[in-house]
file input37.pdb (PDB, C-alpha atoms)
ATOM      1  CA  MET J   1       1.308  18.644 -12.041
ATOM      2  CA  SER J   2       2.885  18.473  -8.609
ATOM      3  CA  HIS J   3       1.800  19.356  -5.086
ATOM      4  CA  ASN J   4       4.501  20.326  -2.584
ATOM      5  CA  HIS J   5       3.882  20.343   1.161
ATOM      6  CA  ASP J   6       6.342  21.506   3.829
ATOM      7  CA  HIS J   7       6.463  18.841   6.516
ATOM      8  CA  THR J   8       9.831  19.888   7.989
ATOM      9  CA  HIS J   9       8.350  21.190  11.271
ATOM     10  CA  GLU J  10       6.074  18.160  11.719
ATOM     11  CA  ASN J  11       8.925  15.736  11.007
ATOM     12  CA  SER J  12      11.136  17.564  13.508
ATOM     13  CA  ASN J  13       8.495  17.297  16.254
ATOM     14  CA  ALA J  14       7.884  13.631  15.455
ATOM     15  CA  THR J  15      11.596  12.905  15.721
ATOM     16  CA  LYS J  16      11.842  14.690  19.087
ATOM     17  CA  ASN J  17       8.782  12.902  20.484
ATOM     18  CA  ILE J  18      10.061   9.493  19.423
ATOM     19  CA  THR J  19      13.515  10.292  20.832
ATOM     20  CA  VAL J  20      12.079  11.209  24.256
ATOM     21  CA  ALA J  21       9.968   8.038  24.286
ATOM     22  CA  PHE J  22      13.082   6.002  23.378
ATOM     23  CA  TRP J  23      15.191   7.288  26.289
ATOM     24  CA  LEU J  24      12.350   6.854  28.788
ATOM     25  CA  ASN J  25      11.852   3.253  27.649
ATOM     26  CA  LEU J  26      15.565   2.449  27.662
ATOM     27  CA  PHE J  27      15.928   3.794  31.218
ATOM     28  CA  PHE J  28      12.984   1.711  32.374
ATOM     29  CA  VAL J  29      14.364  -1.474  30.770
ATOM     30  CA  PHE J  30      17.257  -1.417  33.239
ATOM     31  CA  VAL J  31      14.851  -0.711  36.112
ATOM     32  CA  GLU J  32      12.755  -3.723  35.075
ATOM     33  CA  LEU J  33      15.752  -6.052  34.733
ATOM     34  CA  ILE J  34      16.926  -5.236  38.262
ATOM     35  CA  GLY J  35      13.397  -5.259  39.681
ATOM     36  CA  GLY J  36      12.455  -8.515  37.946
ATOM     37  CA  ILE J  37      15.521 -10.277  39.359
ATOM     38  CA  LEU J  38      14.963  -8.906  42.885
ATOM     39  CA  THR J  39      11.251  -9.794  42.935
ATOM     40  CA  ASN J  40      11.720 -13.101  41.041
ATOM     41  CA  SER J  41       8.905 -12.008  38.699
ATOM     42  CA  ILE J  42       8.819 -13.558  35.241
ATOM     43  CA  ALA J  43       6.094 -11.047  34.314
ATOM     44  CA  ILE J  44       8.411  -8.104  34.980
ATOM     45  CA  LEU J  45      11.367  -9.789  33.245
ATOM     46  CA  SER J  46       9.129 -10.586  30.266
ATOM     47  CA  ASP J  47       8.029  -6.974  30.081
ATOM     48  CA  ALA J  48      11.683  -5.927  30.225
ATOM     49  CA  LEU J  49      12.230  -7.922  27.030
ATOM     50  CA  HIS J  50       9.098  -6.408  25.572
ATOM     51  CA  ASP J  51      10.250  -2.892  26.467
ATOM     52  CA  PHE J  52      13.659  -3.613  24.970
ATOM     53  CA  GLY J  53      11.785  -4.526  21.804
ATOM     54  CA  ASP J  54       9.977  -1.195  22.136
ATOM     55  CA  CYS J  55      13.333   0.586  22.332
ATOM     56  CA  LEU J  56      14.436  -1.143  19.155
ATOM     57  CA  SER J  57      11.095  -0.221  17.626
ATOM     58  CA  LEU J  58      11.542   3.440  18.482
ATOM     59  CA  ALA J  59      15.168   3.533  17.316
ATOM     60  CA  VAL J  60      14.465   1.778  14.035
ATOM     61  CA  ALA J  61      11.259   3.790  13.502
ATOM     62  CA  TRP J  62      13.277   6.979  13.953
ATOM     63  CA  ALA J  63      16.014   5.813  11.553
ATOM     64  CA  PHE J  64      13.630   4.628   8.860
ATOM     65  CA  GLN J  65      11.396   7.675   9.223
ATOM     66  CA  LYS J  66      14.421   9.851   8.594
ATOM     67  CA  LYS J  67      15.401   7.679   5.622
ATOM     68  CA  SER J  68      11.864   7.665   4.230
ATOM     69  CA  THR J  69      11.850  11.459   3.923
ATOM     70  CA  GLN J  70      14.543  11.368   1.248
ATOM     71  CA  LYS J  71      13.432  12.609  -2.131
ATOM     72  CA  ARG J  72      13.197  10.325  -5.126
ATOM     73  CA  ASP J  73      16.260   9.636  -7.240
ATOM     74  CA  ARG J  74      17.200   7.472 -10.208
ATOM     75  CA  LYS J  75      17.393   4.359  -8.020
ATOM     76  CA  TYR J  76      14.068   4.868  -6.191
ATOM     77  CA  SER J  77      11.821   6.810  -8.544
ATOM     78  CA  TYR J  78       8.975   6.958  -6.018
ATOM     79  CA  GLY J  79      11.255   8.047  -3.189
ATOM     80  CA  TYR J  80      12.205   6.196  -0.009
ATOM     81  CA  LYS J  81       8.839   6.083   1.761
ATOM     82  CA  ARG J  82       8.678   2.289   1.779
ATOM     83  CA  PHE J  83      11.810   2.084   3.909
ATOM     84  CA  SER J  84       9.500   2.575   6.900
ATOM     85  CA  LEU J  85       7.965  -0.833   6.103
ATOM     86  CA  LEU J  86      11.347  -2.540   6.517
ATOM     87  CA  GLY J  87      11.421  -1.332  10.108
ATOM     88  CA  SER J  88       7.981  -2.845  10.715
ATOM     89  CA  VAL J  89       9.098  -6.270   9.456
ATOM     90  CA  PHE J  90      12.314  -6.184  11.520
ATOM     91  CA  LEU J  91      10.569  -5.135  14.721
ATOM     92  CA  SER J  92       7.801  -7.665  14.309
ATOM     93  CA  GLY J  93      10.449 -10.381  14.074
ATOM     94  CA  VAL J  94      12.161  -9.154  17.258
ATOM     95  CA  LEU J  95       8.895  -9.045  19.186
ATOM     96  CA  PHE J  96       7.854 -12.485  17.898
ATOM     97  CA  ILE J  97      11.095 -14.132  19.104
ATOM     98  CA  SER J  98      11.066 -12.398  22.494
ATOM     99  CA  SER J  99       7.372 -13.143  23.092
ATOM    100  CA  LEU J 100       7.848 -16.792  22.154
ATOM    101  CA  PHE J 101      10.749 -17.040  24.616
ATOM    102  CA  VAL J 102       8.664 -15.477  27.394
ATOM    103  CA  PHE J 103       5.742 -17.791  26.606
ATOM    104  CA  ILE J 104       7.936 -20.893  26.969
ATOM    105  CA  GLU J 105       9.524 -19.648  30.209
ATOM    106  CA  SER J 106       6.084 -18.817  31.639
ATOM    107  CA  VAL J 107       4.790 -22.333  30.939
ATOM    108  CA  LYS J 108       7.832 -23.697  32.796
ATOM    109  CA  ARG J 109       6.991 -21.446  35.764
ATOM    110  CA  ILE J 110       3.405 -22.739  35.849
ATOM    111  CA  LEU J 111       4.652 -26.334  35.919
ATOM    112  CA  SER J 112       7.210 -25.401  38.594
ATOM    113  CA  PRO J 113       5.873 -22.388  40.556
ATOM    114  CA  HIS J 114       8.247 -19.868  42.196
ATOM    115  CA  ASP J 115       7.412 -17.406  44.936
ATOM    116  CA  VAL J 116       7.497 -13.747  43.941
ATOM    117  CA  HIS J 117       7.855 -10.528  45.926
ATOM    118  CA  ALA J 118       4.382  -9.090  45.394
ATOM    119  CA  GLN J 119       5.048  -5.785  47.153
ATOM    120  CA  GLY J 120       8.164  -5.182  45.059
ATOM    121  CA  MET J 121       6.137  -5.951  41.924
ATOM    122  CA  MET J 122       3.563  -3.392  43.011
ATOM    123  CA  TRP J 123       6.119  -0.571  43.322
ATOM    124  CA  ILE J 124       7.751  -1.418  40.004
ATOM    125  CA  ALA J 125       4.317  -1.537  38.355
ATOM    126  CA  LEU J 126       3.526   1.939  39.697
ATOM    127  CA  PHE J 127       6.863   3.193  38.371
ATOM    128  CA  GLY J 128       6.147   1.510  35.022
ATOM    129  CA  ILE J 129       2.781   3.244  34.743
ATOM    130  CA  LEU J 130       4.490   6.585  35.498
ATOM    131  CA  ILE J 131       7.352   6.195  32.968
ATOM    132  CA  ASN J 132       5.223   4.779  30.147
ATOM    133  CA  GLY J 133       2.502   7.303  30.936
ATOM    134  CA  LEU J 134       4.983  10.163  30.439
ATOM    135  CA  ALA J 135       6.053   8.693  27.087
ATOM    136  CA  ALA J 136       2.405   8.301  26.052
ATOM    137  CA  LEU J 137       1.610  11.915  26.964
ATOM    138  CA  ARG J 138       4.589  13.076  24.902
ATOM    139  CA  LEU J 139       3.289  11.188  21.856
ATOM    140  CA  LYS J 140      -0.431  11.838  22.351
ATOM    141  CA  LYS J 141      -0.351  15.247  20.642
ATOM    142  CA  GLY J 142       1.570  13.943  17.635
ATOM    143  CA  SER J 143      -0.085  14.458  14.267
ATOM    144  CA  SER J 144       1.726  11.835  12.185
ATOM    145  CA  LEU J 145       0.517   8.259  11.772
ATOM    146  CA  ASN J 146       3.950   7.123  12.905
ATOM    147  CA  GLU J 147       3.507   8.877  16.245
ATOM    148  CA  ARG J 148      -0.006   7.489  16.636
ATOM    149  CA  ALA J 149       1.277   3.961  16.081
ATOM    150  CA  VAL J 150       4.024   4.446  18.686
ATOM    151  CA  PHE J 151       1.471   5.999  21.052
ATOM    152  CA  LEU J 152      -0.758   2.912  20.810
ATOM    153  CA  HIS J 153       2.290   0.706  21.406
ATOM    154  CA  ILE J 154       3.214   2.660  24.551
ATOM    155  CA  MET J 155      -0.397   2.559  25.751
ATOM    156  CA  GLU J 156      -0.239  -1.226  25.447
ATOM    157  CA  ASP J 157       2.642  -1.094  27.963
ATOM    158  CA  VAL J 158       0.637   1.151  30.291
ATOM    159  CA  LEU J 159      -2.267  -1.309  30.273
ATOM    160  CA  GLY J 160       0.151  -4.194  30.835
ATOM    161  CA  TRP J 161       1.579  -2.504  33.933
ATOM    162  CA  ILE J 162      -1.916  -1.853  35.242
ATOM    163  CA  ALA J 163      -2.510  -5.606  34.971
ATOM    164  CA  VAL J 164       0.752  -6.310  36.844
ATOM    165  CA  LEU J 165      -0.302  -3.825  39.534
ATOM    166  CA  VAL J 166      -3.644  -5.574  40.001
ATOM    167  CA  ALA J 167      -1.963  -8.995  40.175
ATOM    168  CA  SER J 168       0.643  -7.797  42.694
ATOM    169  CA  VAL J 169      -2.060  -6.371  44.951
ATOM    170  CA  VAL J 170      -4.056  -9.619  44.756
ATOM    171  CA  MET J 171      -0.979 -11.743  45.612
ATOM    172  CA  GLN J 172      -0.374  -9.701  48.765
ATOM    173  CA  PHE J 173      -3.635 -11.089  50.137
ATOM    174  CA  VAL J 174      -3.983 -14.418  48.338
ATOM    175  CA  TYR J 175      -1.188 -16.971  47.820
ATOM    176  CA  PHE J 176      -1.387 -17.540  44.078
ATOM    177  CA  PRO J 177       2.198 -17.812  42.668
ATOM    178  CA  ILE J 178       1.148 -18.987  39.196
ATOM    179  CA  LEU J 179      -0.750 -15.727  38.663
ATOM    180  CA  ASP J 180       2.554 -14.117  37.621
ATOM    181  CA  PRO J 181       3.356 -16.549  34.747
ATOM    182  CA  ILE J 182      -0.308 -16.643  33.718
ATOM    183  CA  LEU J 183      -0.173 -12.875  33.384
ATOM    184  CA  SER J 184       3.017 -13.200  31.301
ATOM    185  CA  ILE J 185       1.340 -15.674  28.961
ATOM    186  CA  LEU J 186      -1.621 -13.338  28.472
ATOM    187  CA  ILE J 187       0.725 -10.416  27.718
ATOM    188  CA  SER J 188       2.694 -12.593  25.261
ATOM    189  CA  ILE J 189      -0.481 -13.671  23.470
ATOM    190  CA  TRP J 190      -1.547 -10.020  23.172
ATOM    191  CA  VAL J 191       1.851  -9.024  21.779
ATOM    192  CA  LEU J 192       1.892 -11.927  19.291
ATOM    193  CA  TYR J 193      -1.614 -10.991  18.130
ATOM    194  CA  ASN J 194      -0.449  -7.460  17.386
ATOM    195  CA  VAL J 195       2.736  -8.721  15.710
ATOM    196  CA  PHE J 196       0.752 -10.815  13.238
ATOM    197  CA  ARG J 197      -1.715  -7.981  12.688
ATOM    198  CA  ASN J 198       1.117  -5.559  11.922
ATOM    199  CA  LEU J 199       2.841  -8.047   9.621
ATOM    200  CA  ARG J 200      -0.408  -8.631   7.764
ATOM    201  CA  ALA J 201      -0.858  -4.889   7.217
ATOM    202  CA  THR J 202       2.780  -4.494   6.146
ATOM    203  CA  PHE J 203       2.737  -7.336   3.634
ATOM    204  CA  THR J 204      -0.610  -6.134   2.276
ATOM    205  CA  ILE J 205       1.060  -2.827   1.434
ATOM    206  CA  MET J 206       4.136  -4.547  -0.024
ATOM    207  CA  LEU J 207       1.896  -6.662  -2.263
ATOM    208  CA  GLN J 208       0.331  -3.406  -3.530
ATOM    209  CA  ALA J 209      -3.197  -4.087  -2.329
ATOM    210  CA  THR J 210      -5.778  -1.323  -2.558
ATOM    211  CA  PRO J 211      -5.626   0.843   0.606
ATOM    212  CA  GLU J 212      -8.345  -0.228   3.036
ATOM    213  CA  SER J 213      -9.145   3.407   3.816
ATOM    214  CA  VAL J 214     -10.196   4.109   0.217
ATOM    215  CA  ASP J 215     -13.684   3.223  -1.030
ATOM    216  CA  MET J 216     -12.897   2.244  -4.617
ATOM    217  CA  ASN J 217     -16.540   2.261  -5.729
ATOM    218  CA  GLU J 218     -17.059   5.770  -4.376
ATOM    219  CA  LEU J 219     -13.802   7.001  -5.950
ATOM    220  CA  GLU J 220     -14.689   5.590  -9.376
ATOM    221  CA  GLN J 221     -18.207   6.996  -9.200
ATOM    222  CA  GLN J 222     -16.966  10.501  -8.344
ATOM    223  CA  ILE J 223     -14.507  10.456 -11.266
ATOM    224  CA  ARG J 224     -17.208   9.246 -13.673
ATOM    225  CA  ASN J 225     -19.472  12.056 -12.490
ATOM    226  CA  ILE J 226     -16.953  14.689 -13.598
ATOM    227  CA  GLU J 227     -18.172  16.619 -16.621
ATOM    228  CA  ASP J 228     -16.642  15.443 -19.944
ATOM    229  CA  VAL J 229     -15.585  12.061 -18.523
ATOM    230  CA  GLN J 230     -17.270   9.450 -20.716
ATOM    231  CA  SER J 231     -15.710   6.428 -19.018
ATOM    232  CA  ILE J 232     -12.630   5.225 -17.169
ATOM    233  CA  HIS J 233     -10.708   1.963 -17.204
ATOM    234  CA  ASP J 234      -7.409   0.384 -16.192
ATOM    235  CA  LEU J 235      -7.623   2.105 -12.815
ATOM    236  CA  HIS J 236      -4.912   1.014 -10.375
ATOM    237  CA  LEU J 237      -4.535   2.186  -6.790
ATOM    238  CA  TRP J 238      -1.890   1.265  -4.251
ATOM    239  CA  THR J 239      -0.049   2.821  -1.327
ATOM    240  CA  MET J 240       3.631   3.441  -0.664
ATOM    241  CA  ASP J 241       3.563   3.256   3.124
ATOM    242  CA  GLY J 242      -0.076   3.291   4.233
ATOM    243  CA  GLU J 243      -0.200   7.099   4.065
ATOM    244  CA  SER J 244       0.884   8.123   0.540
ATOM    245  CA  HIS J 245      -1.417   6.615  -2.113
ATOM    246  CA  ILE J 246      -0.769   6.391  -5.858
ATOM    247  CA  MET J 247      -3.322   6.067  -8.673
ATOM    248  CA  THR J 248      -3.097   5.519 -12.412
ATOM    249  CA  LEU J 249      -6.047   5.389 -14.800
ATOM    250  CA  HIS J 250      -7.207   5.822 -18.402
ATOM    251  CA  VAL J 251      -9.918   8.402 -19.080
ATOM    252  CA  VAL J 252     -12.037   8.368 -22.216
ATOM    253  CA  THR J 253     -13.165  11.870 -23.241
ATOM    254  CA  GLU J 254     -13.907  14.069 -26.230
ATOM    255  CA  SER J 255     -12.883  17.230 -24.397
ATOM    256  CA  VAL J 256     -10.053  19.308 -25.814
ATOM    257  CA  GLU J 257      -9.397  20.847 -22.391
ATOM    258  CA  CYS J 258      -7.367  17.898 -21.162
ATOM    259  CA  GLU J 259      -5.314  19.825 -18.605
ATOM    260  CA  GLU J 260      -8.436  21.254 -16.986
ATOM    261  CA  LEU J 261     -10.004  17.798 -16.865
ATOM    262  CA  LYS J 262      -6.870  16.318 -15.307
ATOM    263  CA  GLN J 263      -6.956  19.040 -12.650
ATOM    264  CA  LYS J 264     -10.544  18.112 -11.745
ATOM    265  CA  ILE J 265      -9.602  14.416 -11.408
ATOM    266  CA  VAL J 266      -6.607  15.261  -9.203
ATOM    267  CA  GLU J 267      -8.823  17.437  -6.970
ATOM    268  CA  THR J 268     -11.373  14.604  -6.746
ATOM    269  CA  ALA J 269      -8.626  12.195  -5.624
ATOM    270  CA  GLN J 270      -7.191  14.460  -2.915
ATOM    271  CA  PRO J 271      -9.855  13.751  -0.221
ATOM    272  CA  PHE J 272      -8.941  10.063  -0.580
ATOM    273  CA  HIS J 273      -5.311  10.942   0.355
ATOM    274  CA  ILE J 274      -4.081  10.095  -3.134
ATOM    275  CA  GLU J 275      -0.942  12.181  -3.573
ATOM    276  CA  HIS J 276       0.301  10.980  -6.959
ATOM    277  CA  VAL J 277      -2.062  10.631  -9.938
ATOM    278  CA  THR J 278      -1.069   9.578 -13.449
ATOM    279  CA  ILE J 279      -3.776   9.990 -16.097
ATOM    280  CA  GLU J 280      -3.786   8.809 -19.700
ATOM    281  CA  MET J 281      -6.384  10.518 -21.873
ATOM    282  CA  GLU J 282      -8.031   8.591 -24.731
ATOM    283  CA  ARG J 283     -10.464   9.513 -27.469
ATOM    284  CA  PRO J 284     -13.628   7.373 -27.790
ATOM    285  CA  ASP J 285     -12.448   6.052 -31.160
ATOM    286  CA  THR J 286      -8.930   5.257 -29.910
ATOM    287  CA  GLN J 287      -7.904   1.692 -29.193
ATOM    288  CA  CYS J 288      -6.277   1.121 -25.812
ATOM    289  CA  PHE J 289      -2.886  -0.492 -26.356
ATOM    290  CA  HIS J 290      -2.575  -1.684 -22.761
ATOM    291  CA  THR J 291      -3.913  -4.867 -21.254
ATOM    292  CA  CYS J 292      -6.802  -3.343 -19.351
ATOM    293  CA  ASP J 293      -7.925  -6.089 -16.967
TER     294      ASP J 293
END

call {"tool": "encode", "arguments": {"input": "input37.pdb", "output": "structure tokens"}}
result
Amino acid sequence: MSHNHDHTHENSNATKNITVAFWLNLFFVFVELIGGILTNSIAILSDALHDFGDCLSLAVAWAFQKKSTQKRDRKYSYGYKRFSLLGSVFLSGVLFISSLFVFIESVKRILSPHDVHAQGMMWIALFGILINGLAALRLKKGSSLNERAVFLHIMEDVLGWIAVLVASVVMQFVYFPILDPILSILISIWVLYNVFRNLRATFTIMLQATPESVDMNELEQQIRNIEDVQSIHDLHLWTMDGESHIMTLHVVTESVECEELKQKIVETAQPFHIEHVTIEMERPDTQCFHTCD
């Protein structure tokens, strides 16, 4: 039994939204590089590296999203959905290296402070809020989880520029040159925290852990409550990419209407976002030949 859904329009919109966000970020990277050099701000230069990582994120996310929509074939029997996870690992590595570099350079700046052009920082921060805000608005209406993830990433940049704006305003009235590298360190720590969180989620999926969004006890109870289901065992549940879940299970029943019973189980699984269900029916007096641990 198969369920086909037409996601062509949604995928097209997601691609366009990510493309617009990519070009806005790439344009602003060059603005930040020039502005960071002119203002002597390590915070702005560090965010330029971060935004360059964002550009890579958007480009790779677009490429892997396109790849992940390919249908299954003899080489990848479940399709290409997990290709999106490869992008997550790659981007996390890029952000980790760039954030570590910024962290080290910021510590050097604290030990040897440099004057910065606070007013120039303020104008660049305002421009940063505008550019990243436009990208965020473009992605805000997106319906896919991919777009939501990119939206949160862009919003992180917006909040970072708000922090730079506050610091630049403060430094116009108070001489506090190490505020700039301190701000960079805080941004780097925030980025590294999210990198490790994303890697943890990615590797959890790769190791075929049960999706966190699914209440296994509730799912099992609802299946057991279906009429003619005597018991279930050897239930396995994992996710391809955090969105598409897969379940296999053995159902013990005396019913002769196996197809109807399978349909009820599939319908019970749908609210849990389980798209692919494989069911093996067994009679009560039949020995299970699998290792059901």

call {"tool": "closest_residue", "arguments": {"input": "input37.pdb", "among": "J:Val256, J:Ile279, J:Met171, J:Leu237", "to": "His117 (chain J)", "atoms": "only C-alpha atoms"}}
result
J:Met171

call {"tool": "closest_residue", "arguments": {"input": "input37.pdb", "among": "J:Asp73, J:Glu267, J:Asp115, J:Glu212", "to": "Ile178 (chain J)", "atoms": "only C-alpha atoms"}}
result
J:Asp115

call {"tool": "resolve_selection", "arguments": {"input": "input37.pdb", "expression": "the PyMOL selection byres ((chain J and resi 21) around 8)", "output": "PDB file with C-alpha atoms, keeping the file's coordinate frame"}}
result
ATOM      1  CA  ASN J  17       8.782  12.902  20.484  1.00  0.00           C
ATOM      2  CA  ILE J  18      10.061   9.493  19.423  1.00  0.00           C
ATOM      3  CA  THR J  19      13.515  10.292  20.832  1.00  0.00           C
ATOM      4  CA  VAL J  20      12.079  11.209  24.256  1.00  0.00           C
ATOM      5  CA  PHE J  22      13.082   6.002  23.378  1.00  0.00           C
ATOM      6  CA  TRP J  23      15.191   7.288  26.289  1.00  0.00           C
ATOM      7  CA  LEU J  24      12.350   6.854  28.788  1.00  0.00           C
ATOM      8  CA  ASN J  25      11.852   3.253  27.649  1.00  0.00           C
ATOM      9  CA  LEU J  58      11.542   3.440  18.482  1.00  0.00           C
ATOM     10  CA  ALA J 135       6.053   8.693  27.087  1.00  0.00           C
ATOM     11  CA  ALA J 136       2.405   8.301  26.052  1.00  0.00           C
ATOM     12  CA  ARG J 138       4.589  13.076  24.902  1.00  0.00           C
ATOM     13  CA  LEU J 139       3.289  11.188  21.856  1.00  0.00           C
TER      14      LEU J 139
END

call {"tool": "resolve_selection", "arguments": {"input": "input37.pdb", "expression": "the PyMOL selection byres ((chain J and resi 80) around 12)", "output": "MDAnalysis selection string"}}
result
chainID J and resid 64:79 81:86 240:241 244

call {"tool": "write_last_selection", "arguments": {"input": "input37.pdb", "atoms": "C-alpha atoms", "output": "compact mmCIF listing (two decimals), keeping the file's coordinate frame"}}
result
# COMPACT_ATOMS: atom_id res chain seq x y z
CA PHE J 64 13.63 4.63 8.86
CA GLN J 65 11.40 7.68 9.22
CA LYS J 66 14.42 9.85 8.59
CA LYS J 67 15.40 7.68 5.62
CA SER J 68 11.86 7.66 4.23
CA THR J 69 11.85 11.46 3.92
CA GLN J 70 14.54 11.37 1.25
CA LYS J 71 13.43 12.61 -2.13
CA ARG J 72 13.20 10.32 -5.13
CA ASP J 73 16.26 9.64 -7.24
CA ARG J 74 17.20 7.47 -10.21
CA LYS J 75 17.39 4.36 -8.02
CA TYR J 76 14.07 4.87 -6.19
CA SER J 77 11.82 6.81 -8.54
CA TYR J 78 8.98 6.96 -6.02
CA GLY J 79 11.26 8.05 -3.19
CA LYS J 81 8.84 6.08 1.76
CA ARG J 82 8.68 2.29 1.78
CA PHE J 83 11.81 2.08 3.91
CA SER J 84 9.50 2.58 6.90
CA LEU J 85 7.96 -0.83 6.10
CA LEU J 86 11.35 -2.54 6.52
CA MET J 240 3.63 3.44 -0.66
CA ASP J 241 3.56 3.26 3.12
CA SER J 244 0.88 8.12 0.54

call {"tool": "resolve_selection", "arguments": {"input": "input37.pdb", "expression": "the PyMOL selection byres ((chain J and resi 254) around 10)", "output": "list in words"}}
result
Asp228, Val229, Gln230, Val251, Val252, Thr253, Ser255, Val256, Glu257, Cys258, Met281, Glu282, Arg283, Pro284 and Asp285 of chain J

call {"tool": "atom_distance", "arguments": {"input": "input37.pdb", "atom1": "CA of Phe30 (chain J)", "atom2": "CA of Ala48 (chain J)"}}
result
7.8 Å

call {"tool": "closest_residue", "arguments": {"input": "input37.pdb", "among": "J:Val107, J:Ile154, J:Leu126, J:Leu33", "to": "Ser168 (chain J)", "atoms": "all atoms listed in the file"}}
result
J:Leu126

call {"tool": "atom_distance", "arguments": {"input": "input37.pdb", "atom1": "CA of Arg200 (chain J)", "atom2": "CA of Leu186 (chain J)"}}
result
21.3 Å

call {"tool": "residues_around", "arguments": {"input": "input37.pdb", "residues": "Asp54 (chain J)", "least_positions_apart": "2", "cutoff": "12 Å", "atoms": "all atoms listed in the file", "output": "ChimeraX atom specification"}}
result
/J:18,21-29,47-52,56-61,88,90-92,94-95,98,132,135,149-157,191

call {"tool": "closest_residue", "arguments": {"input": "input37.pdb", "among": "J:Ile205, J:Ile187, J:Ala167, J:Cys55", "to": "Leu100 (chain J)", "atoms": "all atoms listed in the file"}}
result
J:Ile187

call {"tool": "residues_near_point", "arguments": {"input": "input37.pdb", "point": "(-1.2, -0.5, 33.9)", "cutoff": "10 Å", "atoms": "only C-alpha atoms", "output": "list in words"}}
result
Ala125, Leu126, Phe127, Gly128, Ile129, Leu130, Asn132, Gly133, Met155, Glu156, Asp157, Val158, Leu159, Gly160, Trp161, Ile162, Ala163, Val164, Leu165 and Val166 of chain J

call {"tool": "atom_distance", "arguments": {"input": "input37.pdb", "atom1": "CA of Thr239 (chain J)", "atom2": "CA of Ile265 (chain J)"}}
result
18.1 Å

call {"tool": "closest_residue", "arguments": {"input": "input37.pdb", "among": "J:Val214, J:Leu199, J:Val277, J:Leu45", "to": "Ser106 (chain J)", "atoms": "only C-alpha atoms"}}
result
J:Leu45

call {"tool": "closest_residue", "arguments": {"input": "input37.pdb", "among": "J:Val31, J:Ile37, J:Val116, J:Ala269", "to": "Pro181 (chain J)", "atoms": "only C-alpha atoms"}}
result
J:Val116
